[in-house]
$ cat entry_25.tsv   # TSV, C-alpha atoms
chain	number	residue	atom	x	y	z
A	1	MET	CA	-12.20	-99.67	-28.48
A	2	SER	CA	-9.24	-100.05	-30.80
A	3	HIS	CA	-5.86	-100.20	-29.14
A	4	ALA	CA	-2.52	-99.91	-30.97
A	5	LEU	CA	0.94	-100.86	-29.81
A	6	ILE	CA	3.45	-98.37	-31.21
A	7	VAL	CA	6.99	-99.71	-31.23
A	8	VAL	CA	9.42	-96.81	-31.49
A	9	ASP	CA	12.77	-97.04	-33.29
A	10	VAL	CA	13.98	-100.51	-32.28
A	11	GLN	CA	16.82	-100.28	-34.78
A	12	ILE	CA	20.34	-101.66	-34.97
A	13	ASP	CA	22.02	-98.28	-34.44
A	14	PHE	CA	20.13	-97.80	-31.14
A	15	CYS	CA	21.18	-101.21	-29.77
A	16	PRO	CA	24.55	-102.27	-28.28
A	17	GLY	CA	27.28	-101.95	-30.89
A	18	GLY	CA	25.28	-99.40	-32.88
A	19	ALA	CA	26.27	-95.86	-33.77
A	20	LEU	CA	24.01	-94.32	-31.11
A	21	ALA	CA	23.60	-97.23	-28.73
A	22	VAL	CA	21.02	-96.95	-25.96
A	23	PRO	CA	22.29	-98.92	-22.94
A	24	ALA	CA	20.71	-102.39	-22.97
A	25	GLY	CA	18.56	-101.32	-25.91
A	26	ASP	CA	18.33	-104.85	-27.28
A	27	GLU	CA	16.65	-106.01	-24.04
A	28	VAL	CA	13.35	-104.52	-25.21
A	29	VAL	CA	13.00	-106.85	-28.20
A	30	ALA	CA	11.78	-110.00	-26.44
A	31	PRO	CA	9.13	-108.29	-24.24
A	32	ILE	CA	7.86	-106.28	-27.20
A	33	ASN	CA	7.48	-109.44	-29.29
A	34	ARG	CA	5.47	-111.03	-26.47
A	35	MET	CA	3.18	-108.00	-26.22
A	36	MET	CA	2.25	-107.77	-29.89
A	37	GLY	CA	-0.52	-110.37	-29.77
A	38	ASP	CA	-2.38	-108.38	-27.10
A	39	TYR	CA	-3.17	-105.43	-29.40
A	40	ASP	CA	-5.57	-104.81	-32.26
A	41	THR	CA	-2.88	-103.04	-34.30
A	42	VAL	CA	0.93	-102.94	-34.24
A	43	ILE	CA	2.79	-99.96	-35.71
A	44	LEU	CA	6.57	-99.67	-35.97
A	45	THR	CA	8.50	-96.42	-36.36
A	46	GLN	CA	11.93	-96.07	-37.92
A	47	ASP	CA	14.45	-93.23	-37.89
A	48	TRP	CA	15.39	-92.66	-41.53
A	49	HIS	CA	17.94	-89.87	-41.91
A	50	PRO	CA	19.66	-88.64	-45.07
A	51	ALA	CA	23.45	-88.53	-44.86
A	52	GLU	CA	23.40	-84.71	-44.83
A	53	HIS	CA	20.99	-84.48	-41.90
A	54	SER	CA	21.43	-81.30	-39.88
A	55	SER	CA	21.21	-83.07	-36.51
A	56	PHE	CA	24.43	-85.02	-37.12
A	57	ALA	CA	27.36	-83.55	-35.21
A	58	ASP	CA	29.76	-84.24	-38.06
A	59	ASN	CA	27.61	-82.09	-40.38
A	60	PHE	CA	27.68	-79.10	-38.03
A	61	ARG	CA	29.66	-76.07	-39.19
A	62	PRO	CA	30.41	-73.63	-36.34
A	63	GLY	CA	29.76	-69.96	-36.98
A	64	PRO	CA	31.86	-67.01	-35.79
A	65	GLY	CA	29.76	-66.61	-32.64
A	66	ASP	CA	29.88	-70.25	-31.56
A	67	PRO	CA	31.98	-71.17	-28.50
A	68	ALA	CA	34.94	-73.51	-28.64
A	69	GLY	CA	33.76	-77.11	-28.83
A	70	ALA	CA	30.47	-76.22	-30.47
A	71	GLY	CA	29.13	-79.06	-32.54
A	72	ALA	CA	30.51	-81.92	-30.45
A	73	PRO	CA	28.33	-85.03	-30.27
A	74	PHE	CA	25.58	-84.68	-27.63
A	75	SER	CA	26.06	-80.92	-27.43
A	76	LEU	CA	23.10	-78.58	-27.81
A	77	THR	CA	22.67	-76.12	-30.64
A	78	VAL	CA	19.80	-73.95	-31.83
A	79	MET	CA	18.05	-74.59	-35.13
A	80	ASP	CA	15.39	-72.43	-36.75
A	81	TYR	CA	12.78	-74.44	-34.85
A	82	GLY	CA	14.50	-74.30	-31.45
A	83	PRO	CA	17.04	-76.28	-29.37
A	84	GLN	CA	18.46	-79.40	-30.96
A	85	VAL	CA	20.86	-82.06	-29.66
A	86	LEU	CA	23.65	-82.85	-32.13
A	87	TRP	CA	23.86	-86.62	-32.42
A	88	PRO	CA	26.47	-89.04	-33.68
A	89	ARG	CA	25.66	-90.08	-37.25
A	90	HIS	CA	23.00	-92.80	-37.04
A	91	CYS	CA	20.17	-94.52	-38.94
A	92	VAL	CA	21.29	-93.28	-42.32
A	93	GLN	CA	18.84	-94.24	-45.05
A	94	GLY	CA	19.61	-97.66	-46.49
A	95	SER	CA	22.38	-98.44	-43.99
A	96	ARG	CA	22.58	-101.55	-41.85
A	97	GLY	CA	22.22	-99.42	-38.72
A	98	ALA	CA	18.90	-98.03	-39.91
A	99	LYS	CA	17.36	-101.51	-40.16
A	100	LEU	CA	14.97	-102.71	-37.51
A	101	HIS	CA	16.52	-105.13	-35.02
A	102	PRO	CA	16.67	-108.54	-36.72
A	103	ASP	CA	14.93	-110.28	-33.80
A	104	LEU	CA	12.01	-107.82	-33.72
A	105	ASP	CA	8.87	-109.54	-35.02
A	106	GLN	CA	7.73	-107.49	-38.00
A	107	SER	CA	5.10	-109.97	-39.15
A	108	ARG	CA	2.26	-108.28	-37.23
A	109	ALA	CA	3.16	-104.71	-38.16
A	110	GLU	CA	0.39	-103.05	-40.16
A	111	LEU	CA	2.42	-99.87	-40.68
A	112	ILE	CA	6.11	-98.99	-40.61
A	113	LEU	CA	6.39	-95.21	-40.28
A	114	ARG	CA	9.67	-93.60	-41.31
A	115	LYS	CA	10.57	-90.24	-39.78
A	116	GLY	CA	13.46	-87.78	-39.72
A	117	PHE	CA	13.95	-87.89	-43.49
A	118	ARG	CA	13.84	-84.10	-44.00
A	119	PRO	CA	17.47	-82.88	-44.01
A	120	GLN	CA	16.91	-79.62	-42.11
A	121	ILE	CA	14.74	-80.83	-39.24
A	122	ASP	CA	14.91	-83.69	-36.77
A	123	SER	CA	11.94	-85.80	-35.76
A	124	TYR	CA	11.70	-87.41	-32.34
A	125	SER	CA	7.93	-87.76	-32.21
A	126	ALA	CA	6.01	-90.25	-34.34
A	127	PHE	CA	3.42	-87.49	-34.87
A	128	PHE	CA	5.35	-84.28	-35.61
A	129	GLU	CA	8.77	-83.13	-36.69
A	130	ASN	CA	10.72	-81.17	-34.06
A	131	ASP	CA	9.14	-77.91	-35.19
A	132	LYS	CA	5.95	-79.34	-33.58
A	133	LEU	CA	4.04	-78.30	-36.70
A	134	THR	CA	5.00	-80.61	-39.58
A	135	PRO	CA	2.93	-83.81	-39.30
A	136	THR	CA	4.19	-87.30	-40.08
A	137	GLY	CA	0.72	-88.52	-41.09
A	138	LEU	CA	0.32	-90.94	-38.17
A	139	HIS	CA	-2.54	-88.99	-36.59
A	140	GLY	CA	-4.54	-89.19	-39.81
A	141	TYR	CA	-3.85	-92.92	-40.15
A	142	LEU	CA	-5.01	-93.63	-36.61
A	143	GLY	CA	-8.11	-91.50	-37.09
A	144	GLU	CA	-9.06	-93.35	-40.28
A	145	ARG	CA	-8.64	-96.64	-38.42
A	146	GLY	CA	-10.70	-95.50	-35.43
A	147	ILE	CA	-7.81	-96.14	-33.03
A	148	THR	CA	-8.22	-94.29	-29.73
A	149	HIS	CA	-5.87	-96.02	-27.27
A	150	LEU	CA	-2.09	-96.13	-27.70
A	151	THR	CA	0.65	-97.98	-25.85
A	152	PHE	CA	4.25	-96.97	-26.54
A	153	VAL	CA	7.41	-99.05	-26.14
A	154	GLY	CA	10.91	-98.92	-27.61
A	155	LEU	CA	13.88	-96.56	-27.88
A	156	ALA	CA	14.80	-94.20	-26.53
A	157	HIS	CA	12.46	-93.75	-23.59
A	158	ASP	CA	13.49	-90.16	-22.88
A	159	PHE	CA	13.49	-88.90	-26.48
A	160	CYS	CA	11.48	-90.52	-29.27
A	161	VAL	CA	9.20	-92.58	-27.02
A	162	ALA	CA	8.48	-89.68	-24.67
A	163	TYR	CA	7.96	-87.11	-27.41
A	164	SER	CA	5.61	-89.47	-29.24
A	165	ALA	CA	3.58	-90.22	-26.12
A	166	ILE	CA	3.29	-86.56	-25.12
A	167	ASP	CA	2.04	-85.63	-28.58
A	168	ALA	CA	-0.41	-88.54	-28.52
A	169	ALA	CA	-1.88	-87.41	-25.20
A	170	ARG	CA	-2.20	-83.84	-26.41
A	171	LEU	CA	-3.98	-85.08	-29.53
A	172	GLY	CA	-6.57	-86.75	-27.33
A	173	TYR	CA	-5.49	-90.40	-27.33
A	174	ASP	CA	-5.65	-92.51	-24.19
A	175	THR	CA	-1.88	-92.91	-23.89
A	176	ARG	CA	0.41	-95.09	-21.83
A	177	ILE	CA	4.03	-96.27	-21.83
A	178	VAL	CA	5.20	-99.70	-20.65
A	179	GLU	CA	8.53	-98.70	-19.14
A	180	SER	CA	9.86	-102.26	-18.83
A	181	ALA	CA	9.84	-102.41	-22.64
A	182	CYS	CA	11.76	-99.13	-23.02
A	183	ARG	CA	15.36	-98.09	-22.45
A	184	ALA	CA	16.71	-94.54	-22.09
A	185	ILE	CA	19.79	-92.58	-23.11
A	186	ASP	CA	19.44	-90.43	-19.96
A	187	LEU	CA	21.50	-87.53	-21.27
A	188	ASN	CA	22.14	-85.06	-18.41
A	189	GLY	CA	19.01	-86.12	-16.54
A	190	SER	CA	16.82	-86.32	-19.62
A	191	LEU	CA	14.87	-89.35	-18.36
A	192	ALA	CA	13.63	-87.63	-15.20
A	193	GLN	CA	12.77	-84.54	-17.20
A	194	ALA	CA	10.88	-86.62	-19.76
A	195	ARG	CA	8.91	-88.41	-17.04
A	196	ASP	CA	7.86	-85.06	-15.57
A	197	ARG	CA	6.69	-83.83	-18.97
A	198	MET	CA	4.79	-87.05	-19.59
A	199	TRP	CA	2.99	-86.90	-16.26
A	200	GLN	CA	2.02	-83.29	-16.94
A	201	ALA	CA	0.68	-84.26	-20.38
A	202	GLY	CA	-1.44	-87.05	-18.94
A	203	VAL	CA	0.62	-90.04	-20.13
A	204	ALA	CA	0.24	-93.11	-17.90
A	205	LEU	CA	3.49	-94.87	-17.03
A	206	PHE	CA	3.38	-98.59	-16.30
$ encode --input "entry_25.tsv" --output "structure tokens"
Amino acid sequence: MSHALIVVDVQIDFCPGGALAVPAGDEVVAPINRMMGDYDTVILTQDWHPAEHSSFADNFRPGPGDPAGAGAPFSLTVMDYGPQVLWPRHCVQGSRGAKLHPDLDQSRAELILRKGFRPQIDSYSAFFENDKLTPTGLHGYLGERGITHLTFVGLAHDFCVAYSAIDAARLGYDTRIVESACRAIDLNGSLAQARDRMWQAGVALF
């Protein structure tokens, strides 16, 4: 059995003081560092958005049919691929906020996977863009390595961690999340909704 720890988006912009801070996001760093030695492989993911990314609220241009207030941060819009939250500008390529947290141990990482770099589509999952069709390449990498068991930790529990874990389970991996090493945004009940989807997909929550 080959078991990988996948550390999702533990970046400066998702930690306190960052552009899209997850409450207590920096608290995951120490437990994740302690866990790394227990796994055959460690993989890190990193949001890596161009400045013109369509998911940024300040790039949204309301159309004639949009209601007043459309395009505000954390509001919902519809892209060609379906519903999309409009986020504050974050993790812009090459910016300080896009860097991994300075206390996160990167020395054991065998792969750092960057996602969300296509301007017209967001990417929560480490496996697919938000159209659920465009692959990131992670599935192929894991298959080549013979990795069958995945544990997910990181930020944010209810978005990128959850989407990644659900896709992993659907792709046939034995999948679990260590919730004590995750933190959530919990946008309008999104954490409870994500937990329900994960249970339905067969993700084990610890």
$ closest_residue --input "entry_25.tsv" --among "A:Thr136, A:Thr151, A:Ser125, A:Ser54" --to "Thr41 of chain A" --atoms "all atoms listed in the file"
A:Thr151
$ closest_residue --input "entry_25.tsv" --among "A:Cys182, A:Leu187, A:Leu111, A:Leu44" --to "Asp26 of chain A" --atoms "all atoms listed in the file"
A:Cys182
$ residues_around --input "entry_25.tsv" --residues "segment 194-196 of chain A" --least-positions-apart "6" --cutoff "12 Å" --atoms "all atoms listed in the file" --output "list in words"
Ala156, His157, Asp158, Phe159, Cys160, Val161, Ala162, Tyr163, Ser164, Ala165, Ile166, Arg176, Ile177, Glu179, Ala184, Ile185, Asp186, Leu187, Asn188, Gly202, Val203, Ala204, Leu205 and Phe206 of chain A
$ residues_around --input "entry_25.tsv" --residues "Val28 of chain A" --least-positions-apart "4" --cutoff "9 Å" --atoms "all atoms listed in the file" --output "list in words"
Val10, Ala24, Ile32, Asn33, Val153, Gly154, Leu155, Ser180, Ala181, Cys182 and Arg183 of chain A
$ write_last_selection --input "entry_25.tsv" --atoms "C-alpha atoms" --output "PDB file, in the frame of the given file"
ATOM      1  CA  VAL A  10      13.980-100.510 -32.280  1.00  0.00           C
ATOM      2  CA  ALA A  24      20.710-102.390 -22.970  1.00  0.00           C
ATOM      3  CA  ILE A  32       7.860-106.280 -27.200  1.00  0.00           C
ATOM      4  CA  ASN A  33       7.480-109.440 -29.290  1.00  0.00           C
ATOM      5  CA  VAL A 153       7.410 -99.050 -26.140  1.00  0.00           C
ATOM      6  CA  GLY A 154      10.910 -98.920 -27.610  1.00  0.00           C
ATOM      7  CA  LEU A 155      13.880 -96.560 -27.880  1.00  0.00           C
ATOM      8  CA  SER A 180       9.860-102.260 -18.830  1.00  0.00           C
ATOM      9  CA  ALA A 181       9.840-102.410 -22.640  1.00  0.00           C
ATOM     10  CA  CYS A 182      11.760 -99.130 -23.020  1.00  0.00           C
ATOM     11  CA  ARG A 183      15.360 -98.090 -22.450  1.00  0.00           C
TER      12      ARG A 183
END
$ closest_residue --input "entry_25.tsv" --among "A:Asp38, A:Asp122, A:Glu110, A:Asp103" --to "Glu52 of chain A" --atoms "only C-alpha atoms"
A:Asp122
$ decode --input "entry_25.tsv" --residues "segment 25-150 of chain A" --atoms "C-alpha atoms" --output "CSV table (one decimal), in the first residue's frame"
chain,number,residue,atom,x,y,z
A,25,GLY,CA,-5.9,28.9,9.2
A,26,ASP,CA,-2.3,29.0,10.5
A,27,GLU,CA,-3.2,26.6,13.3
A,28,VAL,CA,-3.0,23.7,10.8
A,29,VAL,CA,0.7,24.2,10.1
A,30,ALA,CA,2.2,22.5,13.2
A,31,PRO,CA,0.0,19.4,13.1
A,32,ILE,CA,0.6,19.0,9.4
A,33,ASN,CA,4.3,19.2,9.9
A,34,ARG,CA,4.1,16.5,12.6
A,35,MET,CA,2.1,14.2,10.3
A,36,MET,CA,4.4,14.3,7.3
A,37,GLY,CA,6.8,11.6,8.5
A,38,ASP,CA,3.9,9.1,8.8
A,39,TYR,CA,3.3,8.9,5.0
A,40,ASP,CA,5.1,7.4,2.0
A,41,THR,CA,4.6,10.5,-0.1
A,42,VAL,CA,3.8,14.2,0.7
A,43,ILE,CA,2.1,16.4,-2.0
A,44,LEU,CA,1.4,20.1,-1.6
A,45,THR,CA,-1.1,22.1,-3.6
A,46,GLN,CA,-1.0,25.8,-4.3
A,47,ASP,CA,-3.6,28.2,-5.6
A,48,TRP,CA,-1.9,30.1,-8.4
A,49,HIS,CA,-4.2,32.7,-10.0
A,50,PRO,CA,-3.4,35.2,-12.8
A,51,ALA,CA,-4.3,38.8,-11.9
A,52,GLU,CA,-7.2,38.7,-14.4
A,53,HIS,CA,-8.8,35.6,-13.0
A,54,SER,CA,-12.6,35.5,-13.5
A,55,SER,CA,-13.3,34.3,-10.0
A,56,PHE,CA,-12.1,37.6,-8.5
A,57,ALA,CA,-14.9,39.9,-7.4
A,58,ASP,CA,-13.0,43.0,-8.6
A,59,ASN,CA,-12.8,41.5,-12.1
A,60,PHE,CA,-16.5,41.0,-12.4
A,61,ARG,CA,-18.4,43.2,-14.8
A,62,PRO,CA,-22.2,43.1,-14.2
A,63,GLY,CA,-24.4,42.7,-17.2
A,64,PRO,CA,-27.8,44.4,-17.9
A,65,GLY,CA,-29.7,41.5,-16.3
A,66,ASP,CA,-27.7,41.3,-13.1
A,67,PRO,CA,-29.3,42.5,-9.8
A,68,ALA,CA,-28.0,45.4,-7.8
A,69,GLY,CA,-24.9,44.3,-5.8
A,70,ALA,CA,-24.0,41.6,-8.2
A,71,GLY,CA,-20.3,40.9,-8.1
A,72,ALA,CA,-19.7,41.6,-4.4
A,73,PRO,CA,-17.1,39.5,-2.7
A,74,PHE,CA,-18.6,36.1,-1.6
A,75,SER,CA,-21.6,36.5,-3.8
A,76,LEU,CA,-22.6,33.8,-6.3
A,77,THR,CA,-22.5,34.1,-10.0
A,78,VAL,CA,-22.9,31.7,-12.9
A,79,MET,CA,-20.0,30.9,-15.2
A,80,ASP,CA,-20.1,28.8,-18.4
A,81,TYR,CA,-19.4,25.8,-16.2
A,82,GLY,CA,-21.9,26.5,-13.5
A,83,PRO,CA,-22.2,28.4,-10.1
A,84,GLN,CA,-19.1,30.2,-8.9
A,85,VAL,CA,-18.4,32.1,-5.8
A,86,LEU,CA,-16.7,35.5,-6.4
A,87,TRP,CA,-13.8,35.8,-4.1
A,88,PRO,CA,-11.6,38.6,-2.9
A,89,ARG,CA,-8.4,38.8,-4.9
A,90,HIS,CA,-6.0,36.2,-3.5
A,91,CYS,CA,-3.0,34.0,-4.4
A,92,VAL,CA,-2.0,36.0,-7.4
A,93,GLN,CA,0.9,34.4,-9.2
A,94,GLY,CA,4.2,35.5,-7.8
A,95,SER,CA,2.7,37.5,-5.0
A,96,ARG,CA,3.7,37.1,-1.3
A,97,GLY,CA,0.2,35.9,-0.5
A,98,ALA,CA,0.5,33.0,-3.0
A,99,LYS,CA,3.5,31.6,-1.2
A,100,LEU,CA,3.2,28.6,1.0
A,101,HIS,CA,3.1,29.4,4.7
A,102,PRO,CA,6.7,30.0,5.8
A,103,ASP,CA,6.5,27.6,8.7
A,104,LEU,CA,5.1,24.7,6.5
A,105,ASP,CA,7.8,22.0,6.1
A,106,GLN,CA,8.4,21.8,2.4
A,107,SER,CA,11.4,19.5,2.6
A,108,ARG,CA,9.4,16.3,2.3
A,109,ALA,CA,7.2,17.4,-0.5
A,110,GLU,CA,7.7,15.3,-3.6
A,111,LEU,CA,5.3,17.4,-5.7
A,112,ILE,CA,3.9,20.9,-5.5
A,113,LEU,CA,0.8,21.1,-7.7
A,114,ARG,CA,-0.3,24.5,-8.8
A,115,LYS,CA,-4.0,25.0,-9.7
A,116,GLY,CA,-6.4,27.7,-10.7
A,117,PHE,CA,-4.0,29.2,-13.3
A,118,ARG,CA,-6.5,29.3,-16.2
A,119,PRO,CA,-8.0,32.8,-16.3
A,120,GLN,CA,-11.6,31.7,-17.2
A,121,ILE,CA,-12.1,28.8,-14.7
A,122,ASP,CA,-11.6,28.3,-11.0
A,123,SER,CA,-10.1,25.2,-9.5
A,124,TYR,CA,-11.0,24.0,-6.0
A,125,SER,CA,-10.2,20.4,-6.5
A,126,ALA,CA,-6.6,19.1,-6.7
A,127,PHE,CA,-7.9,16.8,-9.5
A,128,PHE,CA,-10.2,18.8,-11.7
A,129,GLU,CA,-10.9,22.4,-12.6
A,130,ASN,CA,-14.4,23.6,-11.6
A,131,ASP,CA,-15.9,22.4,-14.9
A,132,LYS,CA,-15.3,18.9,-13.4
A,133,LEU,CA,-13.7,17.9,-16.8
A,134,THR,CA,-10.3,19.6,-17.1
A,135,PRO,CA,-7.7,17.5,-15.2
A,136,THR,CA,-4.8,18.9,-13.2
A,137,GLY,CA,-2.7,15.9,-13.8
A,138,LEU,CA,-2.6,14.7,-10.2
A,139,HIS,CA,-4.6,11.5,-10.9
A,140,GLY,CA,-2.0,10.4,-13.5
A,141,TYR,CA,0.9,11.2,-11.2
A,142,LEU,CA,-0.6,9.1,-8.4
A,143,GLY,CA,-1.4,6.3,-10.8
A,144,GLU,CA,2.2,6.2,-12.1
A,145,ARG,CA,3.4,6.1,-8.5
A,146,GLY,CA,1.0,3.3,-7.5
A,147,ILE,CA,-0.5,5.5,-4.7
A,148,THR,CA,-3.9,4.2,-3.6
A,149,HIS,CA,-4.6,5.8,-0.2
A,150,LEU,CA,-5.0,9.5,0.3
